file structure.pdb (PDB, C-alpha atoms)
MODEL        1
ATOM      1  CA  MET H  96       0.000   0.000   0.000
ATOM      2  CA  ALA H  97       3.021   2.300   0.372
ATOM      3  CA  ASN H  98       3.501   5.235  -2.005
ATOM      4  CA  THR H  99      -0.145   5.286  -3.047
ATOM      5  CA  THR H 100      -1.441   8.577  -4.446
ATOM      6  CA  PHE H 101      -4.198  10.312  -2.468
ATOM      7  CA  LYS H 102      -6.040  11.092  -5.706
ATOM      8  CA  GLU H 103      -9.024  12.885  -4.172
ATOM      9  CA  GLY H 104      -6.846  15.477  -2.410
ATOM     10  CA  TYR H 105      -6.830  19.131  -3.547
ATOM     11  CA  ALA H 106      -5.410  22.192  -1.808
ATOM     12  CA  LEU H 107      -5.126  25.964  -2.094
ATOM     13  CA  VAL H 108      -2.135  27.113  -0.040
ATOM     14  CA  VAL H 109      -1.435  30.831   0.506
ATOM     15  CA  GLY H 110       1.469  32.589   2.226
ATOM     16  CA  VAL H 111       1.180  36.357   1.755
ATOM     17  CA  GLY H 112       4.702  37.402   2.722
ATOM     18  CA  ALA H 113       5.430  41.167   2.600
ATOM     19  CA  ASP H 114       5.696  42.307   6.251
ATOM     20  CA  LEU H 115       5.226  38.668   7.307
ATOM     21  CA  PRO H 116       8.031  36.989   5.340
ATOM     22  CA  ASN H 117       7.832  33.792   7.402
ATOM     23  CA  THR H 118       4.383  33.098   5.983
ATOM     24  CA  VAL H 119       5.961  32.266   2.618
ATOM     25  CA  GLY H 120       8.047  29.479   4.132
ATOM     26  CA  ASP H 121       5.042  28.223   6.086
ATOM     27  CA  ALA H 122       2.956  27.923   2.930
ATOM     28  CA  GLU H 123       5.778  26.323   0.965
ATOM     29  CA  GLY H 124       6.305  23.778   3.734
ATOM     30  CA  LEU H 125       2.635  22.794   3.786
ATOM     31  CA  ALA H 126       2.451  22.460   0.002
ATOM     32  CA  LYS H 127       5.596  20.316   0.031
ATOM     33  CA  ILE H 128       4.238  17.940   2.682
ATOM     34  CA  LEU H 129       0.932  17.583   0.859
ATOM     35  CA  GLN H 130       2.711  16.619  -2.370
ATOM     36  CA  ASP H 131       5.370  14.435  -0.745
ATOM     37  CA  PRO H 132       4.774  10.908  -2.126
ATOM     38  CA  GLU H 133       6.112   9.418   1.113
ATOM     39  CA  ARG H 134       3.733  11.452   3.268
ATOM     40  CA  CYS H 135       0.395  13.016   2.222
ATOM     41  CA  ALA H 136       0.837  11.914  -1.412
ATOM     42  CA  TYR H 137      -1.456  14.477  -3.102
ATOM     43  CA  PRO H 138      -0.998  14.346  -6.898
ATOM     44  CA  ARG H 139       1.659  16.820  -8.017
ATOM     45  CA  LYS H 140      -0.079  18.043 -11.162
ATOM     46  CA  GLY H 141      -3.131  20.270 -10.834
ATOM     47  CA  HIS H 142      -4.053  19.338  -7.256
ATOM     48  CA  VAL H 143      -2.084  21.799  -5.079
ATOM     49  CA  GLN H 144      -2.095  25.514  -5.857
ATOM     50  CA  LEU H 145       0.647  27.455  -4.027
ATOM     51  CA  LEU H 146       0.393  31.253  -3.972
ATOM     52  CA  THR H 147       3.069  33.263  -2.165
ATOM     53  CA  ALA H 148       4.216  36.898  -2.097
ATOM     54  CA  GLU H 149       3.440  38.693  -5.384
ATOM     55  CA  LYS H 150       1.455  35.660  -6.563
ATOM     56  CA  ALA H 151      -0.913  36.103  -3.607
ATOM     57  CA  THR H 152      -2.700  39.295  -4.663
ATOM     58  CA  ARG H 153      -6.451  39.636  -4.309
ATOM     59  CA  ASP H 154      -7.133  38.978  -7.991
ATOM     60  CA  LYS H 155      -4.868  35.927  -8.120
ATOM     61  CA  LEU H 156      -6.368  34.495  -4.919
ATOM     62  CA  LEU H 157      -9.912  34.887  -6.206
ATOM     63  CA  ALA H 158      -8.924  33.295  -9.512
ATOM     64  CA  ALA H 159      -7.317  30.395  -7.632
ATOM     65  CA  PHE H 160     -10.557  29.850  -5.700
ATOM     66  CA  ASP H 161     -12.476  29.750  -8.974
ATOM     67  CA  LEU H 162     -10.044  27.189 -10.374
ATOM     68  CA  LEU H 163     -10.346  25.091  -7.211
ATOM     69  CA  ALA H 164     -14.140  25.086  -7.554
ATOM     70  CA  LYS H 165     -13.824  24.080 -11.217
ATOM     71  CA  ARG H 166     -11.423  21.209 -10.553
ATOM     72  CA  THR H 167     -13.255  19.628  -7.619
ATOM     73  CA  ASP H 168     -16.594  17.942  -7.030
ATOM     74  CA  GLU H 169     -18.496  16.797  -3.953
ATOM     75  CA  ASN H 170     -16.272  13.731  -3.573
ATOM     76  CA  ALA H 171     -12.995  15.677  -3.426
ATOM     77  CA  THR H 172     -11.067  16.306  -0.230
ATOM     78  CA  VAL H 173     -10.134  20.002  -0.077
ATOM     79  CA  VAL H 174      -7.672  21.867   2.162
ATOM     80  CA  ILE H 175      -7.592  25.689   2.104
ATOM     81  CA  TYR H 176      -4.670  27.261   3.985
ATOM     82  CA  PHE H 177      -4.072  31.001   4.463
ATOM     83  CA  SER H 178      -1.109  32.484   6.326
ATOM     84  CA  GLY H 179      -1.156  36.273   6.628
ATOM     85  CA  HIS H 180      -3.042  39.058   8.359
ATOM     86  CA  GLY H 181      -6.695  38.826   9.396
ATOM     87  CA  TYR H 182      -8.459  41.975  10.637
ATOM     88  CA  GLN H 183     -11.830  43.076  11.884
ATOM     89  CA  VAL H 184     -12.275  46.638  10.657
ATOM     90  CA  GLU H 185     -14.634  49.171  12.209
ATOM     91  CA  GLU H 186     -15.346  52.077   9.883
ATOM     92  CA  LYS H 187     -18.305  54.450   9.485
ATOM     93  CA  GLY H 188     -20.385  52.390  11.883
ATOM     94  CA  LYS H 189     -19.833  49.152   9.975
ATOM     95  CA  THR H 190     -17.849  46.078  10.899
ATOM     96  CA  ASN H 191     -16.079  44.053   8.231
ATOM     97  CA  TYR H 192     -13.573  41.213   8.358
ATOM     98  CA  TYR H 193     -10.721  41.095   5.846
ATOM     99  CA  LEU H 194      -8.013  38.677   4.865
ATOM    100  CA  MET H 195      -5.064  40.747   3.640
ATOM    101  CA  PRO H 196      -3.490  39.554   0.379
ATOM    102  CA  TYR H 197      -0.178  40.750  -1.003
ATOM    103  CA  GLU H 198      -0.112  44.516  -1.691
ATOM    104  CA  TYR H 199      -3.375  45.331   0.053
ATOM    105  CA  ASP H 200      -4.150  49.041   0.360
ATOM    106  CA  VAL H 201      -5.570  50.221   3.683
ATOM    107  CA  ASN H 202      -7.376  53.019   1.869
ATOM    108  CA  ARG H 203      -8.957  50.615  -0.637
ATOM    109  CA  LEU H 204      -9.691  47.473   1.318
ATOM    110  CA  ALA H 205     -12.807  46.605  -0.685
ATOM    111  CA  GLU H 206     -10.733  46.540  -3.873
ATOM    112  CA  THR H 207      -7.464  45.100  -2.584
ATOM    113  CA  ALA H 208      -8.378  42.811   0.353
ATOM    114  CA  ILE H 209     -10.795  39.883   0.612
ATOM    115  CA  SER H 210     -13.808  40.426   2.835
ATOM    116  CA  GLY H 211     -15.248  37.732   5.039
ATOM    117  CA  ASP H 212     -18.340  37.608   2.842
ATOM    118  CA  GLU H 213     -16.249  37.170  -0.307
ATOM    119  CA  PHE H 214     -14.185  34.465   1.326
ATOM    120  CA  ALA H 215     -17.319  32.636   2.445
ATOM    121  CA  ALA H 216     -18.845  32.867  -1.048
ATOM    122  CA  LYS H 217     -15.704  31.410  -2.634
ATOM    123  CA  VAL H 218     -15.638  28.580  -0.093
ATOM    124  CA  ASP H 219     -19.326  27.905  -0.664
ATOM    125  CA  ALA H 220     -18.693  27.601  -4.408
ATOM    126  CA  VAL H 221     -16.441  24.601  -3.711
ATOM    127  CA  LYS H 222     -18.868  21.694  -3.676
ATOM    128  CA  SER H 223     -16.726  19.243  -1.738
ATOM    129  CA  ARG H 224     -18.371  17.628   1.282
ATOM    130  CA  LYS H 225     -14.919  17.185   2.840
ATOM    131  CA  LEU H 226     -13.369  20.624   3.223
ATOM    132  CA  LEU H 227     -10.944  21.954   5.829
ATOM    133  CA  ILE H 228      -9.928  25.613   6.209
ATOM    134  CA  LEU H 229      -6.659  26.346   8.030
ATOM    135  CA  LEU H 230      -6.110  29.979   9.060
ATOM    136  CA  ASP H 231      -2.731  31.073  10.413
ATOM    137  CA  CYS H 232      -3.749  34.707  10.276
ATOM    138  CA  CYS H 233      -3.572  36.445  13.622
ATOM    139  CA  HIS H 234      -0.004  37.710  13.597
ATOM    140  CA  ALA H 235       1.599  40.723  15.237
ATOM    141  CA  GLY H 236       1.129  43.998  13.405
ATOM    142  CA  GLY H 237      -1.327  46.785  12.816
ATOM    143  CA  LEU H 238      -2.943  48.922  10.161
ATOM    144  CA  ASP H 239      -2.191  52.459  11.348
ATOM    145  CA  ALA H 240       0.648  52.748   8.860
ATOM    146  CA  VAL H 241       1.947  50.202   6.388
ATOM    147  CA  THR H 242       4.868  50.297   3.994
ATOM    148  CA  THR H 243       4.202  48.217   0.912
ATOM    149  CA  ALA H 244       6.690  45.922  -0.773
ATOM    150  CA  LYS H 245       7.330  48.790  -3.210
ATOM    151  CA  GLY H 246       8.242  51.177  -0.400
ATOM    152  CA  ILE H 247       5.021  53.187  -0.515
ATOM    153  CA  VAL H 248       3.831  54.382   2.896
ATOM    154  CA  MET H 249       0.093  54.141   3.410
ATOM    155  CA  LYS H 250      -1.874  55.442   6.378
ATOM    156  CA  SER H 251      -5.303  54.190   7.254
ATOM    157  CA  PRO H 252      -8.192  56.671   6.892
ATOM    158  CA  PRO H 253      -9.332  58.654   9.948
ATOM    159  CA  GLY H 254     -11.993  56.825  11.902
ATOM    160  CA  MET H 255     -10.845  53.363  10.939
ATOM    161  CA  THR H 256     -10.143  50.921  13.774
ATOM    162  CA  ALA H 257      -8.593  47.568  12.918
ATOM    163  CA  THR H 258      -8.383  44.793  15.487
ATOM    164  CA  LYS H 259      -6.932  41.323  15.213
ATOM    165  CA  ALA H 260      -9.415  38.652  14.236
ATOM    166  CA  PRO H 261      -8.297  35.073  13.656
ATOM    167  CA  LEU H 262     -11.582  33.865  12.189
ATOM    168  CA  PRO H 263     -14.156  35.497   9.859
ATOM    169  CA  ALA H 264     -17.729  35.070  11.072
ATOM    170  CA  ALA H 265     -18.941  34.812   7.476
ATOM    171  CA  ALA H 266     -16.627  31.862   6.856
ATOM    172  CA  VAL H 267     -18.172  30.044   9.800
ATOM    173  CA  GLY H 268     -21.527  30.500   8.101
ATOM    174  CA  ALA H 269     -20.084  28.900   4.982
ATOM    175  CA  LEU H 270     -19.735  25.666   6.925
ATOM    176  CA  ALA H 271     -23.471  25.257   6.540
ATOM    177  CA  GLY H 272     -22.879  24.732   2.822
ATOM    178  CA  GLY H 273     -22.319  21.031   3.378
ATOM    179  CA  SER H 274     -21.513  18.407   5.928
ATOM    180  CA  GLY H 275     -17.934  17.538   6.685
ATOM    181  CA  ARG H 276     -16.641  21.122   6.732
ATOM    182  CA  ALA H 277     -14.316  22.515   9.377
ATOM    183  CA  ILE H 278     -12.147  25.517  10.210
ATOM    184  CA  ILE H 279      -9.047  25.382  12.381
ATOM    185  CA  ALA H 280      -7.644  28.803  13.282
ATOM    186  CA  SER H 281      -4.215  29.376  14.761
ATOM    187  CA  SER H 282      -5.296  31.300  17.869
ATOM    188  CA  GLN H 283      -8.111  32.622  19.990
ATOM    189  CA  ALA H 284      -9.476  36.130  19.404
ATOM    190  CA  ASN H 285      -7.453  37.710  22.226
ATOM    191  CA  GLU H 286      -4.176  36.102  21.149
ATOM    192  CA  LEU H 287      -1.492  36.634  18.540
ATOM    193  CA  SER H 288       0.231  33.910  16.542
ATOM    194  CA  TYR H 289       3.879  33.049  16.984
ATOM    195  CA  ALA H 290       6.217  32.678  14.010
ATOM    196  CA  GLY H 291       9.198  30.349  14.101
ATOM    197  CA  GLU H 292      12.060  28.749  12.235
ATOM    198  CA  PRO H 293      11.600  26.860  10.040
ATOM    199  CA  TYR H 294       7.834  27.171  10.630
ATOM    200  CA  SER H 295       5.356  28.972  12.853
ATOM    201  CA  ALA H 296       4.078  27.278  15.997
ATOM    202  CA  PHE H 297       0.760  26.503  14.320
ATOM    203  CA  THR H 298       2.045  25.422  10.921
ATOM    204  CA  ALA H 299       4.774  23.243  12.451
ATOM    205  CA  ALA H 300       2.096  21.365  14.398
ATOM    206  CA  LEU H 301       0.023  20.914  11.238
ATOM    207  CA  LEU H 302       2.999  19.532   9.334
ATOM    208  CA  GLU H 303       3.915  17.132  12.120
ATOM    209  CA  SER H 304       0.348  15.874  12.288
ATOM    210  CA  LEU H 305       0.275  15.427   8.510
ATOM    211  CA  CYS H 306       3.294  13.137   8.956
ATOM    212  CA  GLY H 307       1.299  10.976  11.387
ATOM    213  CA  ALA H 308       2.149  12.515  14.764
ATOM    214  CA  GLY H 309      -0.828  12.118  17.097
ATOM    215  CA  ALA H 310      -2.877  10.051  14.658
ATOM    216  CA  ALA H 311      -5.700   8.375  16.575
ATOM    217  CA  LYS H 312      -5.576   5.327  14.325
ATOM    218  CA  ALA H 313      -2.463   3.712  12.900
ATOM    219  CA  ASP H 314      -4.202   3.004   9.597
ATOM    220  CA  GLY H 315      -2.203   5.318   7.337
ATOM    221  CA  PHE H 316      -4.665   8.223   7.293
ATOM    222  CA  VAL H 317      -4.649  11.609   9.029
ATOM    223  CA  ARG H 318      -8.072  12.997   9.869
ATOM    224  CA  VAL H 319      -9.466  16.431  10.741
ATOM    225  CA  THR H 320      -9.613  15.876  14.461
ATOM    226  CA  ASP H 321      -6.076  14.472  14.466
ATOM    227  CA  LEU H 322      -4.880  17.848  13.195
ATOM    228  CA  ALA H 323      -6.987  19.849  15.653
ATOM    229  CA  LEU H 324      -6.073  17.839  18.731
ATOM    230  CA  TYR H 325      -2.380  17.714  17.910
ATOM    231  CA  ALA H 326      -2.276  21.485  17.326
ATOM    232  CA  ARG H 327      -4.172  21.978  20.571
ATOM    233  CA  GLU H 328      -1.429  20.072  22.401
ATOM    234  CA  LYS H 329       1.725  21.329  20.679
ATOM    235  CA  VAL H 330       1.021  25.015  20.019
ATOM    236  CA  PRO H 331       0.379  26.057  23.643
ATOM    237  CA  ALA H 332       3.377  24.000  24.772
ATOM    238  CA  ARG H 333       5.651  25.814  22.325
ATOM    239  CA  THR H 334       4.328  29.296  23.109
ATOM    240  CA  ASN H 335       4.298  29.177  26.894
ATOM    241  CA  GLN H 336       0.508  28.772  26.863
ATOM    242  CA  LYS H 337       0.035  32.047  24.985
ATOM    243  CA  GLN H 338      -1.488  30.667  21.781
ATOM    244  CA  HIS H 339      -4.372  28.212  21.518
ATOM    245  CA  PRO H 340      -5.788  26.997  18.194
ATOM    246  CA  THR H 341      -9.565  26.907  17.784
ATOM    247  CA  LEU H 342     -11.883  24.570  15.945
ATOM    248  CA  ASP H 343     -15.208  25.215  14.239
ATOM    249  CA  TYR H 344     -16.853  22.069  13.024
ATOM    250  CA  ASP H 345     -20.358  21.897  11.617
ATOM    251  CA  LYS H 346     -22.247  18.712  10.732
ATOM    252  CA  GLY H 347     -18.868  17.131  11.191
ATOM    253  CA  ASP H 348     -17.543  13.961   9.714
ATOM    254  CA  ASN H 349     -14.044  13.196  10.909
ATOM    255  CA  PHE H 350     -12.972  12.668   7.327
ATOM    256  CA  LYS H 351      -9.638  11.533   5.975
ATOM    257  CA  LEU H 352      -7.466  14.468   4.893
ATOM    258  CA  ALA H 353      -4.515  12.599   3.437
ATOM    259  CA  TYR H 354      -2.140   9.717   3.888
ATOM    260  CA  TYR H 355       0.532  10.372   6.482
ATOM    261  CA  ALA H 356       3.121   7.913   5.131
ATOM    262  CA  GLY H 357       2.328   7.513   1.441
ATOM    263  CA  GLY H 358      -0.128   4.718   2.184
ATOM    264  CA  ALA H 359       1.978   2.927   4.806
ATOM    265  CA  THR H 360       0.832   2.740   8.420
ATOM    266  CA  GLU H 361       4.010   3.707  10.294
ATOM    267  CA  ALA H 362       4.221   7.448  10.911
ATOM    268  CA  LYS H 363       7.000   9.403   9.225
ATOM    269  CA  ALA H 364       9.394  11.703  11.051
ATOM    270  CA  PRO H 365       8.815  15.324   9.997
ATOM    271  CA  PRO H 366      11.416  16.469   7.441
ATOM    272  CA  PHE H 367      12.523  19.388   9.624
ATOM    273  CA  PRO H 368      14.044  19.908  13.092
ATOM    274  CA  GLU H 369      12.211  20.979  16.223
ATOM    275  CA  PRO H 370      11.023  24.521  15.415
ATOM    276  CA  GLU H 371      12.457  27.523  17.224
ATOM    277  CA  ILE H 372       9.507  29.714  18.151
ATOM    278  CA  GLU H 373      10.004  33.465  18.547
ATOM    279  CA  ALA H 374      10.026  34.891  22.081
ATOM    280  CA  HIS H 375       7.136  37.233  21.292
ATOM    281  CA  PRO H 376       4.982  37.816  18.198
ATOM    282  CA  GLY H 377       6.866  39.965  15.711
ATOM    283  CA  ALA H 378      10.352  39.100  16.950
ATOM    284  CA  LEU H 379      11.190  37.304  13.698
ATOM    285  CA  ASN H 380       9.648  40.078  11.609
ATOM    286  CA  PRO H 381      11.210  43.223  13.151
ATOM    287  CA  SER H 382      10.071  45.343  10.239
ATOM    288  CA  PRO H 383       9.734  49.130  10.562
ATOM    289  CA  GLN H 384       7.003  48.804   7.974
ATOM    290  CA  VAL H 385       4.307  48.275  10.569
ATOM    291  CA  THR H 386       3.084  50.523  13.366
ATOM    292  CA  TRP H 387       1.919  48.321  16.211
ATOM    293  CA  ASN H 388      -1.709  48.921  17.080
ATOM    294  CA  ILE H 389      -3.061  45.759  18.607
ATOM    295  CA  SER H 390      -6.393  45.918  20.407
ATOM    296  CA  VAL H 391      -7.270  42.398  21.421
ATOM    297  CA  ASP H 392      -9.983  43.449  23.831
ATOM    298  CA  LYS H 393     -12.225  44.581  20.989
ATOM    299  CA  SER H 394     -11.718  41.494  18.883
ATOM    300  CA  ARG H 395     -14.652  39.200  18.431
ATOM    301  CA  HIS H 396     -14.317  35.489  18.002
ATOM    302  CA  ALA H 397     -16.954  33.787  15.923
ATOM    303  CA  GLY H 398     -15.804  30.284  16.699
ATOM    304  CA  ARG H 399     -15.896  27.944  19.631
ATOM    305  CA  ASP H 400     -12.751  27.579  21.695
ATOM    306  CA  ILE H 401     -11.325  24.096  21.189
ATOM    307  CA  ASN H 402     -10.001  24.237  24.765
ATOM    308  CA  GLU H 403     -13.594  24.240  25.947
ATOM    309  CA  THR H 404     -14.466  21.298  23.744
ATOM    310  CA  ASN H 405     -15.057  18.109  25.697
ATOM    311  CA  ILE H 406     -13.594  15.246  23.689
ATOM    312  CA  ALA H 407     -14.133  11.632  24.651
ATOM    313  CA  PHE H 408     -13.000   8.577  22.726
ATOM    314  CA  LYS H 409     -15.316   5.584  22.608
ATOM    315  CA  GLN H 410     -14.130   2.726  20.447
ATOM    316  CA  ASP H 411     -14.382   3.900  16.814
ATOM    317  CA  ASN H 412     -16.703   6.800  17.635
ATOM    318  CA  TRP H 413     -15.710  10.412  18.320
ATOM    319  CA  ASN H 414     -18.080  12.028  20.775
ATOM    320  CA  VAL H 415     -17.115  15.671  20.594
ATOM    321  CA  GLY H 416     -18.994  18.445  22.325
ATOM    322  CA  GLY H 417     -19.129  22.106  21.367
ATOM    323  CA  GLY H 418     -20.382  21.553  17.848
ATOM    324  CA  VAL H 419     -19.249  18.079  16.816
ATOM    325  CA  THR H 420     -21.694  15.263  17.340
ATOM    326  CA  ASN H 421     -20.865  11.575  17.310
ATOM    327  CA  VAL H 422     -18.389  11.607  14.433
ATOM    328  CA  GLN H 423     -17.960   8.049  13.239
ATOM    329  CA  GLY H 424     -14.363   6.892  12.751
ATOM    330  CA  ASP H 425     -14.192   4.801   9.570
ATOM    331  CA  HIS H 426     -17.922   4.637   8.962
ATOM    332  CA  ASN H 427     -18.577   8.106   7.559
ATOM    333  CA  VAL H 428     -20.643   8.217   4.399
ATOM    334  CA  ASN H 429     -18.276  10.856   3.048
ATOM    335  CA  GLU H 430     -15.034   8.897   3.370
TER
ENDMDL
END

call {"tool": "encode", "arguments": {"input": "structure.pdb", "output": "structure tokens"}}
result
Amino acid sequence: MANTTFKEGYALVVGVGADLPNTVGDAEGLAKILQDPERCAYPRKGHVQLLTAEKATRDKLLAAFDLLAKRTDENATVVIYFSGHGYQVEEKGKTNYYLMPYEYDVNRLAETAISGDEFAAKVDAVKSRKLLILLDCCHAGGLDAVTTAKGIVMKSPPGMTATKAPLPAAAVGALAGGSGRAIIASSQANELSYAGEPYSAFTAALLESLCGAGAAKADGFVRVTDLALYAREKVPARTNQKQHPTLDYDKGDNFKLAYYAGGATEAKAPPFPEPEIEAHPGALNPSPQVTWNISVDKSRHAGRDINETNIAFKQDNWNVGGGVTNVQGDHNVNE
């Protein structure tokens, strides 16, 4: 069974870069693991889209979503990963959530960023019943003043308040588009995400889990809850309990995401050393491009805290509280 291709696997992997240069390496690492024939074994041609730095503009991201929707059907397994900034913006009495692509303009967010509603609509257009969103997008930084990759200084308009937001509420609503959909975010609403070398605390945990670390069953497959529970364990441990991933899981099937050893059942060692996590968010990105303006108290978290989720294992069944109900191990109709 070894070195079998996980033919149903598709992924859109984004690392924005710019003032968060480590996000490029994070995205590249995830794409590499997914396509590694000795690990996740996604097909190399046409199944994994990797967008980093100047390839991760708003227009190119939206086009990549459209291509993902075109290439997949309801039987596909889809992973969407975004590493960059996520903000909740208060302006003129309105609240909007934005994912910040490469070269976003704080004065033209509607034209250069991706709103929560847009993100949810693009996710909803993907018909897969097995879809996982991974958001590593609550990093240190602010929107008061930003220097673009071209050296242009932009200041946010008067009256705009931007607070960190790891999870768009609209994307949570998109989970209702089909069973077997889940979102794992890198941190709670009042936390920032820690970068690291070679990978961030969150992404390193994802990669390790995708190599079989923490797999509940030694059957060669990594599942959604394997990823969530492993990240829940490793990320706080590596950040001195300052960062806690969250899980939103609606109508959940604990579906198979990938192989972890190319079809074999013995877990693989991750192809990287123990990550060195920064002492505080922003330490590895000491860029003068960003004016720090972090207001965690005003952030709102649309999801349910995975730390409050009561998880009990009962033979092949997963009885998970806080939004996941009796997820059946190998007996899901969607597997």

call {"tool": "atom_distance", "arguments": {"input": "structure.pdb", "atom1": "atom CA of H:Thr298", "atom2": "atom CA of H:Ser281"}}
result
8.3 Å

call {"tool": "resolve_selection", "arguments": {"input": "structure.pdb", "expression": "the PyMOL selection byres ((chain H and resi 369) around 10)", "output": "list in words"}}
result
Glu292, Pro293, Tyr294, Ala299, Pro365, Pro366, Phe367, Pro368, Pro370, Glu371 and Ile372 of chain H

call {"tool": "resolve_selection", "arguments": {"input": "structure.pdb", "expression": "the PyMOL selection byres ((chain H and resi 162) around 12)", "output": "list in words"}}
result
Tyr105, Ala106, Leu107, Gly141, His142, Val143, Gln144, Lys155, Leu156, Leu157, Ala158, Ala159, Phe160, Asp161, Leu163, Ala164, Lys165, Arg166, Thr167, Asp168, Lys217, Val218, Ala220 and Val221 of chain H

call {"tool": "axis_aligned_box", "arguments": {"input": "structure.pdb", "around": "stretch 290-301 of chain H", "padding_each_side": "5 Å", "output": "AutoDock Vina command-line options"}}
result
--center_x 6.0 --center_y 26.8 --center_z 13.0 --size_x 22.0 --size_y 21.8 --size_z 16.0

call {"tool": "closest_residue", "arguments": {"input": "structure.pdb", "among": "H:Phe101, H:Tyr355, H:Tyr193, H:Phe350", "to": "H:Arg224", "atoms": "all atoms listed in the file"}}
result
H:Phe350

call {"tool": "atom_distance", "arguments": {"input": "structure.pdb", "atom1": "atom CA of H:Gly181", "atom2": "atom CA of H:Asn335"}}
result
22.8 Å

call {"tool": "closest_residue", "arguments": {"input": "structure.pdb", "among": "H:Glu149, H:Glu169, H:Glu328, H:Glu103", "to": "H:Ser223", "atoms": "all atoms listed in the file"}}
result
H:Glu169

call {"tool": "atom_distance", "arguments": {"input": "structure.pdb", "atom1": "atom CA of H:Gly275", "atom2": "atom CA of H:Thr147"}}
result
27.7 Å

call {"tool": "resolve_selection", "arguments": {"input": "structure.pdb", "expression": "the PyMOL selection byres ((chain H and resi 122-136) around 8)", "output": "ChimeraX atom specification"}}
result
/H:97-101,108-110,118-121,137-139,143,145,147,176-178,294,298,302,305-306,353-358,363

call {"tool": "closest_residue", "arguments": {"input": "structure.pdb", "among": "H:Asn191, H:Gln283, H:Ser304, H:Ser210", "to": "H:Ala364", "atoms": "only C-alpha atoms"}}
result
H:Ser304

call {"tool": "closest_residue", "arguments": {"input": "structure.pdb", "among": "H:Arg276, H:Ala313, H:Lys150, H:Met195", "to": "H:Asp219", "atoms": "all atoms listed in the file"}}
result
H:Arg276

call {"tool": "build_atoms", "arguments": {"input": "structure.pdb", "residues": "stretch 219-223 of chain H", "atoms": "all heavy atoms", "output": "PDB file, keeping the file's coordinate frame"}}
result
ATOM      1  N   ASP H 219     -18.041  28.534  -0.398  1.00  0.00           N
ATOM      2  CA  ASP H 219     -19.326  27.905  -0.664  1.00  0.00           C
ATOM      3  C   ASP H 219     -19.417  27.379  -2.094  1.00  0.00           C
ATOM      4  O   ASP H 219     -20.133  26.407  -2.364  1.00  0.00           O
ATOM      5  CB  ASP H 219     -20.454  28.909  -0.403  1.00  0.00           C
ATOM      6  CG  ASP H 219     -21.819  28.247  -0.379  1.00  0.00           C
ATOM      7  OD1 ASP H 219     -21.994  27.265   0.371  1.00  0.00           O
ATOM      8  OD2 ASP H 219     -22.708  28.701  -1.117  1.00  0.00           O
ATOM      9  N   ALA H 220     -18.674  28.023  -3.009  1.00  0.00           N
ATOM     10  CA  ALA H 220     -18.693  27.601  -4.408  1.00  0.00           C
ATOM     11  C   ALA H 220     -17.953  26.274  -4.619  1.00  0.00           C
ATOM     12  O   ALA H 220     -18.145  25.617  -5.641  1.00  0.00           O
ATOM     13  CB  ALA H 220     -18.086  28.675  -5.297  1.00  0.00           C
ATOM     14  N   VAL H 221     -17.130  25.893  -3.658  1.00  0.00           N
ATOM     15  CA  VAL H 221     -16.441  24.601  -3.711  1.00  0.00           C
ATOM     16  C   VAL H 221     -17.412  23.551  -3.182  1.00  0.00           C
ATOM     17  O   VAL H 221     -17.815  23.594  -2.029  1.00  0.00           O
ATOM     18  CB  VAL H 221     -15.146  24.624  -2.872  1.00  0.00           C
ATOM     19  CG1 VAL H 221     -14.458  23.268  -2.902  1.00  0.00           C
ATOM     20  CG2 VAL H 221     -14.206  25.713  -3.375  1.00  0.00           C
ATOM     21  N   LYS H 222     -17.773  22.615  -4.011  1.00  0.00           N
ATOM     22  CA  LYS H 222     -18.868  21.694  -3.676  1.00  0.00           C
ATOM     23  C   LYS H 222     -18.448  20.500  -2.830  1.00  0.00           C
ATOM     24  O   LYS H 222     -19.288  19.683  -2.463  1.00  0.00           O
ATOM     25  CB  LYS H 222     -19.535  21.202  -4.969  1.00  0.00           C
ATOM     26  CG  LYS H 222     -20.133  22.324  -5.809  1.00  0.00           C
ATOM     27  CD  LYS H 222     -21.096  23.180  -4.990  1.00  0.00           C
ATOM     28  CE  LYS H 222     -21.691  24.290  -5.828  1.00  0.00           C
ATOM     29  NZ  LYS H 222     -22.557  25.204  -5.009  1.00  0.00           N
ATOM     30  N   SER H 223     -17.189  20.386  -2.514  1.00  0.00           N
ATOM     31  CA  SER H 223     -16.726  19.243  -1.738  1.00  0.00           C
ATOM     32  C   SER H 223     -17.461  19.121  -0.412  1.00  0.00           C
ATOM     33  O   SER H 223     -17.684  20.121   0.279  1.00  0.00           O
ATOM     34  CB  SER H 223     -15.221  19.370  -1.479  1.00  0.00           C
ATOM     35  OG  SER H 223     -14.802  18.421  -0.522  1.00  0.00           O
TER      36      SER H 223
END
